[in-house]
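**Student:** Got a file for you: model-v5.csv, CSV, C-alpha atoms and all ligand atoms.
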```
chain,number,residue,atom,x,y,z
A,1,MET,CA,-116.1,99.8,-77.5
A,2,ARG,CA,-116.0,100.1,-81.3
A,3,ILE,CA,-112.5,101.3,-82.4
A,4,ALA,CA,-111.1,102.0,-85.9
A,5,LEU,CA,-107.6,102.5,-87.2
A,6,PHE,CA,-107.5,105.1,-90.0
A,7,GLY,CA,-103.9,105.1,-91.4
A,8,GLY,CA,-102.6,107.2,-94.2
A,9,THR,CA,-99.8,109.4,-95.4
A,10,PHE,CA,-101.9,112.6,-94.8
A,11,ASP,CA,-99.5,114.7,-96.9
A,12,PRO,CA,-101.4,117.0,-96.4
A,13,PRO,CA,-104.6,115.9,-94.7
A,14,HIS,CA,-107.7,117.3,-96.4
A,15,ARG,CA,-111.5,117.4,-96.5
A,16,GLY,CA,-111.7,113.9,-98.1
A,17,HIS,CA,-110.0,112.3,-95.1
A,18,VAL,CA,-112.2,114.1,-92.6
A,19,ALA,CA,-115.4,113.2,-94.6
A,20,LEU,CA,-114.4,109.5,-94.7
A,21,ALA,CA,-113.7,109.4,-90.9
A,22,ARG,CA,-116.9,111.2,-90.1
A,23,LEU,CA,-119.1,109.0,-92.4
A,24,ALA,CA,-117.5,105.9,-91.0
A,25,ARG,CA,-118.2,107.0,-87.4
A,26,GLU,CA,-121.8,107.9,-88.1
A,27,ARG,CA,-122.7,104.8,-90.2
A,28,LEU,CA,-120.9,102.2,-88.0
A,29,SER,CA,-121.4,103.9,-84.6
A,30,LEU,CA,-117.7,104.1,-83.9
A,31,ASP,CA,-116.6,105.2,-80.4
A,32,ARG,CA,-113.0,106.0,-81.3
A,33,ILE,CA,-111.1,106.6,-84.5
A,34,LEU,CA,-107.3,106.5,-84.3
A,35,VAL,CA,-106.0,108.6,-87.1
A,36,ALA,CA,-102.4,107.4,-87.6
A,37,PRO,CA,-100.0,109.2,-90.0
A,38,VAL,CA,-97.7,106.6,-91.3
A,39,ALA,CA,-93.9,107.1,-91.2
A,40,VAL,CA,-92.9,104.8,-94.1
A,41,GLN,CA,-95.7,103.6,-96.4
A,42,PRO,CA,-94.5,100.4,-98.0
A,43,LEU,CA,-96.3,100.9,-101.3
A,44,LYS,CA,-95.3,104.6,-101.8
A,45,HIS,CA,-91.7,104.4,-103.1
A,46,GLU,CA,-90.9,108.0,-102.8
A,47,THR,CA,-90.4,109.6,-99.4
A,48,PRO,CA,-93.4,111.7,-98.5
A,49,PRO,CA,-92.7,115.4,-99.3
A,50,ALA,CA,-93.5,116.5,-95.8
A,51,GLY,CA,-91.7,114.9,-92.8
A,52,PHE,CA,-93.5,112.8,-90.2
A,53,ASP,CA,-93.7,115.5,-87.5
A,54,ASP,CA,-95.1,118.0,-89.9
A,55,ARG,CA,-97.7,115.5,-91.2
A,56,VAL,CA,-98.7,114.7,-87.6
A,57,ALA,CA,-99.0,118.4,-86.8
A,58,MET,CA,-101.2,119.1,-89.9
A,59,THR,CA,-103.3,116.0,-89.1
A,60,ARG,CA,-104.0,117.3,-85.6
A,61,LEU,CA,-105.2,120.6,-87.1
A,62,ALA,CA,-107.3,119.0,-89.8
A,63,PHE,CA,-109.2,116.7,-87.3
A,64,ALA,CA,-109.4,119.2,-84.4
A,65,GLY,CA,-112.8,119.1,-82.8
A,66,GLU,CA,-113.9,116.0,-84.8
A,67,PRO,CA,-115.9,113.8,-82.4
A,68,GLY,CA,-114.3,110.5,-81.5
A,69,VAL,CA,-111.1,111.2,-83.3
A,70,GLU,CA,-107.6,110.9,-81.7
A,71,ILE,CA,-104.3,111.4,-83.5
A,72,SER,CA,-102.2,108.2,-83.0
A,73,LEU,CA,-98.5,107.7,-83.2
A,74,LEU,CA,-98.9,103.9,-83.7
A,75,ASP,CA,-97.3,104.2,-87.2
A,76,ALA,CA,-94.4,106.5,-86.0
A,77,PRO,CA,-90.9,105.9,-87.5
A,78,ARG,CA,-89.6,102.5,-86.3
A,79,ALA,CA,-86.3,102.1,-84.5
A,80,ASP,CA,-85.2,99.6,-87.1
A,81,GLY,CA,-86.1,101.9,-90.0
A,82,ARG,CA,-88.5,99.3,-91.5
A,83,SER,CA,-91.7,100.1,-93.3
A,84,ASN,CA,-94.9,100.4,-91.2
A,85,TYR,CA,-97.0,97.4,-92.2
A,86,THR,CA,-100.7,97.4,-91.4
A,87,ILE,CA,-100.7,93.8,-90.1
A,88,ASP,CA,-98.1,94.8,-87.5
A,89,THR,CA,-100.1,97.9,-86.5
A,90,LEU,CA,-103.4,96.0,-86.2
A,91,THR,CA,-101.7,93.2,-84.2
A,92,ALA,CA,-100.2,95.8,-81.8
A,93,LEU,CA,-103.5,97.6,-81.5
A,94,ARG,CA,-105.5,94.4,-80.9
A,95,GLN,CA,-103.2,93.6,-77.9
A,96,GLN,CA,-104.1,96.9,-76.3
A,97,LEU,CA,-107.9,96.3,-76.5
A,98,ASN,CA,-110.3,94.2,-74.4
A,99,SER,CA,-111.7,91.0,-75.9
A,100,ALA,CA,-115.1,92.6,-76.2
A,101,ASP,CA,-113.9,95.6,-78.2
A,102,ALA,CA,-114.6,95.6,-82.0
A,103,LEU,CA,-111.7,96.6,-84.2
A,104,PHE,CA,-112.1,98.2,-87.7
A,105,CYS,CA,-109.8,99.5,-90.3
A,106,ILE,CA,-110.9,102.5,-92.4
A,107,LEU,CA,-109.6,102.9,-96.0
A,108,GLY,CA,-110.5,104.8,-99.2
A,109,ALA,CA,-111.5,102.8,-102.3
A,110,ASP,CA,-108.1,103.4,-104.0
A,111,SER,CA,-106.1,102.0,-101.1
A,112,PHE,CA,-108.5,99.0,-100.7
A,113,LEU,CA,-108.1,98.1,-104.4
A,114,THR,CA,-104.3,97.7,-103.9
A,115,ILE,CA,-104.7,95.3,-100.9
A,116,GLY,CA,-103.5,92.3,-102.9
A,117,ASN,CA,-100.0,94.0,-103.0
A,118,TRP,CA,-99.9,94.6,-99.2
A,119,HIS,CA,-97.7,92.6,-96.9
A,120,ARG,CA,-99.6,89.4,-95.9
A,121,PRO,CA,-102.9,90.7,-97.4
A,122,ALA,CA,-105.0,87.7,-96.5
A,123,ASP,CA,-104.0,88.0,-92.8
A,124,VAL,CA,-104.8,91.7,-92.9
A,125,LEU,CA,-108.2,91.1,-94.2
A,126,ILE,CA,-109.3,88.8,-91.4
A,127,ALA,CA,-107.4,90.7,-88.7
A,128,CYS,CA,-110.4,93.1,-88.2
A,129,ASP,CA,-113.5,94.4,-90.0
A,130,PHE,CA,-113.0,96.9,-92.9
A,131,ILE,CA,-114.8,100.1,-93.6
A,132,VAL,CA,-114.1,101.3,-97.2
A,133,GLY,CA,-115.2,104.7,-98.5
A,134,ALA,CA,-116.1,105.2,-102.2
A,135,ARG,CA,-113.8,107.6,-104.0
A,136,PRO,CA,-114.5,109.3,-107.4
A,137,GLY,CA,-112.6,107.5,-110.1
A,138,PHE,CA,-112.3,104.1,-108.3
A,139,ASP,CA,-114.7,101.3,-109.0
A,140,LEU,CA,-115.9,99.2,-106.1
A,141,SER,CA,-118.5,97.2,-108.1
A,142,ASN,CA,-116.2,94.2,-108.3
A,143,ILE,CA,-114.2,94.0,-105.1
A,144,LYS,CA,-113.4,90.3,-105.6
A,145,VAL,CA,-110.7,91.1,-108.2
A,146,ALA,CA,-108.8,93.0,-105.6
A,147,LEU,CA,-108.8,90.3,-103.0
A,148,PRO,CA,-106.2,87.5,-102.6
A,149,LYS,CA,-107.4,84.2,-104.0
A,150,SER,CA,-107.5,82.6,-100.5
A,151,ILE,CA,-110.2,85.1,-99.4
A,152,SER,CA,-113.8,84.5,-100.2
A,153,ALA,CA,-116.3,87.4,-100.3
A,154,LYS,CA,-120.1,86.9,-100.0
A,155,PRO,CA,-122.5,89.9,-100.1
A,156,PHE,CA,-125.2,89.9,-97.5
A,157,VAL,CA,-128.2,92.1,-96.9
A,158,SER,CA,-127.5,95.4,-95.1
A,159,ASP,CA,-129.8,97.1,-92.7
A,160,ILE,CA,-127.6,100.3,-92.7
A,161,PRO,CA,-128.6,102.8,-95.4
A,162,GLY,CA,-125.7,103.7,-97.8
A,163,VAL,CA,-123.6,100.6,-96.7
A,164,GLN,CA,-123.0,97.5,-98.7
A,165,LEU,CA,-121.9,94.4,-96.7
A,166,PHE,CA,-119.7,91.5,-97.5
A,167,LYS,CA,-118.5,88.6,-95.4
A,168,LEU,CA,-114.8,87.9,-96.0
A,169,ALA,CA,-113.6,84.4,-95.0
A,170,ARG,CA,-110.5,82.2,-95.0
A,171,ASP,CA,-110.0,78.8,-93.2
A,172,GLY,CA,-112.8,79.3,-90.8
A,173,TYR,CA,-111.8,82.9,-89.9
A,174,ALA,CA,-114.1,85.7,-91.0
A,175,SER,CA,-114.5,89.5,-91.1
A,176,THR,CA,-117.0,92.0,-92.4
A,177,LEU,CA,-116.4,94.5,-95.1
A,178,TYR,CA,-118.6,97.6,-95.0
A,179,LEU,CA,-118.6,99.7,-98.2
A,180,LEU,CA,-119.7,103.3,-97.8
A,181,THR,CA,-121.0,103.7,-101.3
A,182,ASP,CA,-122.2,107.3,-101.2
A,183,LEU,CA,-119.0,109.1,-100.3
A,184,ALA,CA,-118.0,111.4,-103.2
A,185,GLU,CA,-115.1,113.7,-102.2
A,186,HIS,CA,-113.3,115.1,-105.3
A,187,VAL,CA,-110.1,115.9,-103.6
A,188,SER,CA,-106.6,114.4,-103.6
A,189,ALA,CA,-103.4,115.2,-101.7
A,190,THR,CA,-101.4,114.9,-104.9
A,191,GLU,CA,-103.4,117.6,-106.6
A,192,ILE,CA,-103.3,119.9,-103.5
A,193,ARG,CA,-99.5,119.6,-103.5
A,194,ALA,CA,-99.4,120.5,-107.2
A,195,VAL,CA,-101.5,123.6,-106.6
A,196,LEU,CA,-99.4,124.7,-103.6
A,197,GLN,CA,-96.2,124.2,-105.7
A,198,GLY,CA,-97.7,126.3,-108.5
A,199,GLN,CA,-98.5,129.1,-106.0
A,200,ALA,CA,-95.0,129.1,-104.7
A,201,ALA,CA,-93.6,129.2,-108.2
A,202,ALA,CA,-95.8,132.1,-109.1
A,203,GLY,CA,-94.7,133.9,-105.9
A,204,ARG,CA,-91.1,133.7,-107.0
A,205,VAL,CA,-91.7,135.5,-110.3
A,206,LEU,CA,-94.5,138.0,-109.5
A,207,ASN,CA,-93.9,141.4,-108.0
A,208,PRO,CA,-95.3,141.1,-104.4
A,209,GLN,CA,-97.8,144.0,-105.1
A,210,VAL,CA,-99.1,142.2,-108.2
A,211,ALA,CA,-99.4,139.0,-106.2
A,212,LYS,CA,-101.4,140.9,-103.5
A,213,TYR,CA,-103.6,142.5,-106.2
A,214,ILE,CA,-104.4,139.1,-107.7
A,215,ARG,CA,-105.3,137.7,-104.2
A,216,GLU,CA,-107.5,140.6,-103.3
A,217,HIS,CA,-109.4,140.6,-106.6
A,218,HIS,CA,-109.7,136.8,-106.6
A,219,LEU,CA,-108.3,136.7,-110.1
A,220,TYR,CA,-107.6,133.4,-111.9
A,221,VAL,CA,-109.3,131.3,-109.2
A,222,HIS,CA,-111.9,130.0,-111.7
A,223,LEU,CA,-109.6,129.2,-114.6
A,301,LIG,P1,-103.5,111.0,-103.0
A,301,LIG,O1,-104.6,111.9,-103.1
A,301,LIG,O2,-102.2,111.7,-103.4
A,301,LIG,O3,-103.7,109.7,-103.6
A,301,LIG,P2,-104.3,110.1,-100.5
A,301,LIG,O4,-104.9,111.3,-99.7
A,301,LIG,O5,-105.1,109.1,-101.2
A,301,LIG,O6,-103.2,110.8,-101.4
A,301,LIG,P3,-103.4,109.1,-98.0
A,301,LIG,O7,-103.2,110.3,-97.2
A,301,LIG,O8,-102.5,107.9,-97.7
A,301,LIG,O9,-103.3,109.4,-99.5
A,301,LIG,O10,-104.9,108.6,-97.7
A,301,LIG,C1,-105.3,108.1,-96.5
A,301,LIG,C2,-106.6,107.3,-96.7
A,301,LIG,O11,-107.6,108.2,-97.1
A,301,LIG,C3,-106.5,106.3,-97.8
A,301,LIG,O12,-107.1,105.1,-97.4
A,301,LIG,C4,-107.2,106.9,-99.0
A,301,LIG,O13,-107.8,105.9,-99.8
A,301,LIG,C5,-108.3,107.7,-98.3
A,301,LIG,N1,-108.7,108.9,-99.1
A,301,LIG,C6,-107.9,109.9,-99.4
A,301,LIG,N2,-108.6,110.8,-100.2
A,301,LIG,C7,-109.9,110.3,-100.3
A,301,LIG,C8,-111.1,110.7,-100.9
A,301,LIG,N3,-111.1,111.9,-101.6
A,301,LIG,N4,-112.2,109.9,-100.8
A,301,LIG,C9,-112.1,108.8,-100.1
A,301,LIG,N5,-111.0,108.3,-99.5
A,301,LIG,C10,-109.9,109.1,-99.6
```
What does the file become when written as structure tokens?

**Tutor:**
Amino acid sequence: MRIALFGGTFDPPHRGHVALARLARERLSLDRILVAPVAVQPLKHETPPAGFDDRVAMTRLAFAGEPGVEISLLDAPRADGRSNYTIDTLTALRQQLNSADALFCILGADSFLTIGNWHRPADVLIACDFIVGARPGFDLSNIKVALPKSISAKPFVSDIPGVQLFKLARDGYASTLYLLTDLAEHVSATEIRAVLQGQAAAGRVLNPQVAKYIREHHLYVHL
């Protein structure tokens, strides 16, 4: 069985998240993808605008009918209130699998480039194989700068179209990094929240009939 963890804030989940999961499943022949909204993301200092239960509900809707995808509560709020660290989630997940199962972690380029700031980054990088999707505005041409010094990265020839391969290693332990170089989803949860806030603000100052007229005549959508 080939199983991947796809964690994220999903605040809200959008087309880019689904496209990344789908491409990862197709290119790496994944059997199961566990999409896990995270309760407390250690690197995002502010509390997610939407609560955990709402983000789980939206994530279920966004991925409904997506082959191989299950929504997972592995990164639900912890009883001790601590942040949800990826190394803990991967370790817990590994314990539930058979020794023959292959474990992957799916990330977008922006998240992967911050990996040096994660909790125990070198341990994370050899805990499983990594599938990293390209994202407009984030440069994957020199991944070595993002890696902790104790991790070596050697490119090797890929027989999968649209996938670049690296062997990551430390102290005799190794993992594989798969870069999905042709993903190009121009969408961001931060921008979506800004648009929705703008619509709510407009709703408070417009006469409802004017708002209805604007919607029905598709005014201002191409500004
Ligand atoms: P924001 O857009 O505000 O930065 P986000 O969508 O990146 O938010 P998360 O919900 O935590 O934040 O993202 C979950 C994962 O999906 C992360 O690994 C992120 O890199 C990846 N991801 C999100 N959007 C895209 C995208 N447009 N292309 C590729 N990967 C993406």

**Student:** Do you know which residues are within 6 Å of ligand LIG 301 (chain A) using all atoms listed in the file? Can you write them as a PyMOL selection string?

**Tutor:** chain A and resi 8-11+16-17+20+107-111+133-135+185-190

**Student:** Could you please determine the separation between CA of Phe138 in chain A and CA of Ser29 in chain A in Å, to one decimal place?

**Tutor:**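 Going from CA of Phe138 in chain A over to CA of Ser29 in chain A covers 25.4 Å.
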
**Student:** Using only C-alpha atoms and a cutoff of 12 Å, can you tell me which residues are near (-92.2, 112.9, -95.3) in the file's coordinates, and write them out as a ChimeraX atom specification?

**Tutor:** /A:8-12,37-41,44-56,76-77

**Student:** Could you work out how far CA of Glu191 in chain A lies from CA of Asn84 in chain A, giving the answer in Å with one decimal?

**Tutor:**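 A separation of 24.6 Å between them.
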
**Student:** Given all atoms listed in the file as the basis, pick out the residue of A:Leu34, A:Ala146, A:Ala64, A:Leu43 nearest to Ser83 in chain A.

**Tutor:**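 Closest candidate: A:Leu43.
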
**Student:** Looking at A:Leu5, A:Ile33, A:Ala127, A:Ala202, which one is nearest to Leu74 in chain A, with distances taken over all atoms listed in the file?

**Tutor:**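 Residue with the minimum atom-to-atom distance to Leu74 in chain A: A:Leu5.
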
**Student:** Enumerate, in order of chain and increasing residue number, the residues of range 37-144 of chain A with an atom no farther than 8 Å from range 150-170 of chain A, each with its shortest atom pair and distance in Å to one decimal, counting only C-alpha atoms, as CSV.

**Tutor:**
```
residue,atom,partner,partner_atom,distance
A:Ala122,CA,A:Ile151,CA,6.5
A:Leu125,CA,A:Leu168,CA,7.6
A:Ile126,CA,A:Ala169,CA,7.1
A:Lys144,CA,A:Ala153,CA,6.7
```

**Student:** From the set A:Val132, A:Met58, A:Ile106, A:Leu206, which residue has the shortest atom-to-atom contact distance to Leu183 in chain A, counting all atoms listed in the file?

**Tutor:** A:Val132

**Student:** Would you compute the distance between CA of Asn117 in chain A and CA of Leu147 in chain A? Give it in Å to one decimal.

**Tutor:** 9.5 Å

**Student:** Using only C-alpha atoms, which residue out of A:Tyr220, A:Phe63, A:Tyr85, A:Phe104 lies closest to Thr176 in chain A?

**Tutor:**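 Nearest candidate to Thr176 in chain A out of A:Tyr220, A:Phe63, A:Tyr85, A:Phe104: A:Phe104.
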
**Student:** Return the single residue from A:Ile214, A:Ala4, A:Leu219, A:Leu23 that is closest to Ser72 in chain A, with distances computed using all atoms listed in the file.

**Tutor:**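 Checking each of A:Ile214, A:Ala4, A:Leu219, A:Leu23 against Ser72 in chain A, counting all atoms listed in the file, the winner is A:Ala4.
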
**Student:** Please check which residues have atoms at most 6 Å from (-108.9, 107.9, -84.5) in the file's coordinates, counting only C-alpha atoms, and write them as a list in words.

**Tutor:**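 Checked against the point, the hits come out as Arg32, Ile33, Leu34, Val35, Val69, Glu70 and Ile71 of chain A.
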
**Student:** Have a look at A:Ile131, A:Ala92, A:Ala36, A:Ile192 and name the one nearest to Ala24 in chain A; count only C-alpha atoms.

**Tutor:**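 That would be A:Ile131, the residue with the smallest distance to Ala24 in chain A.
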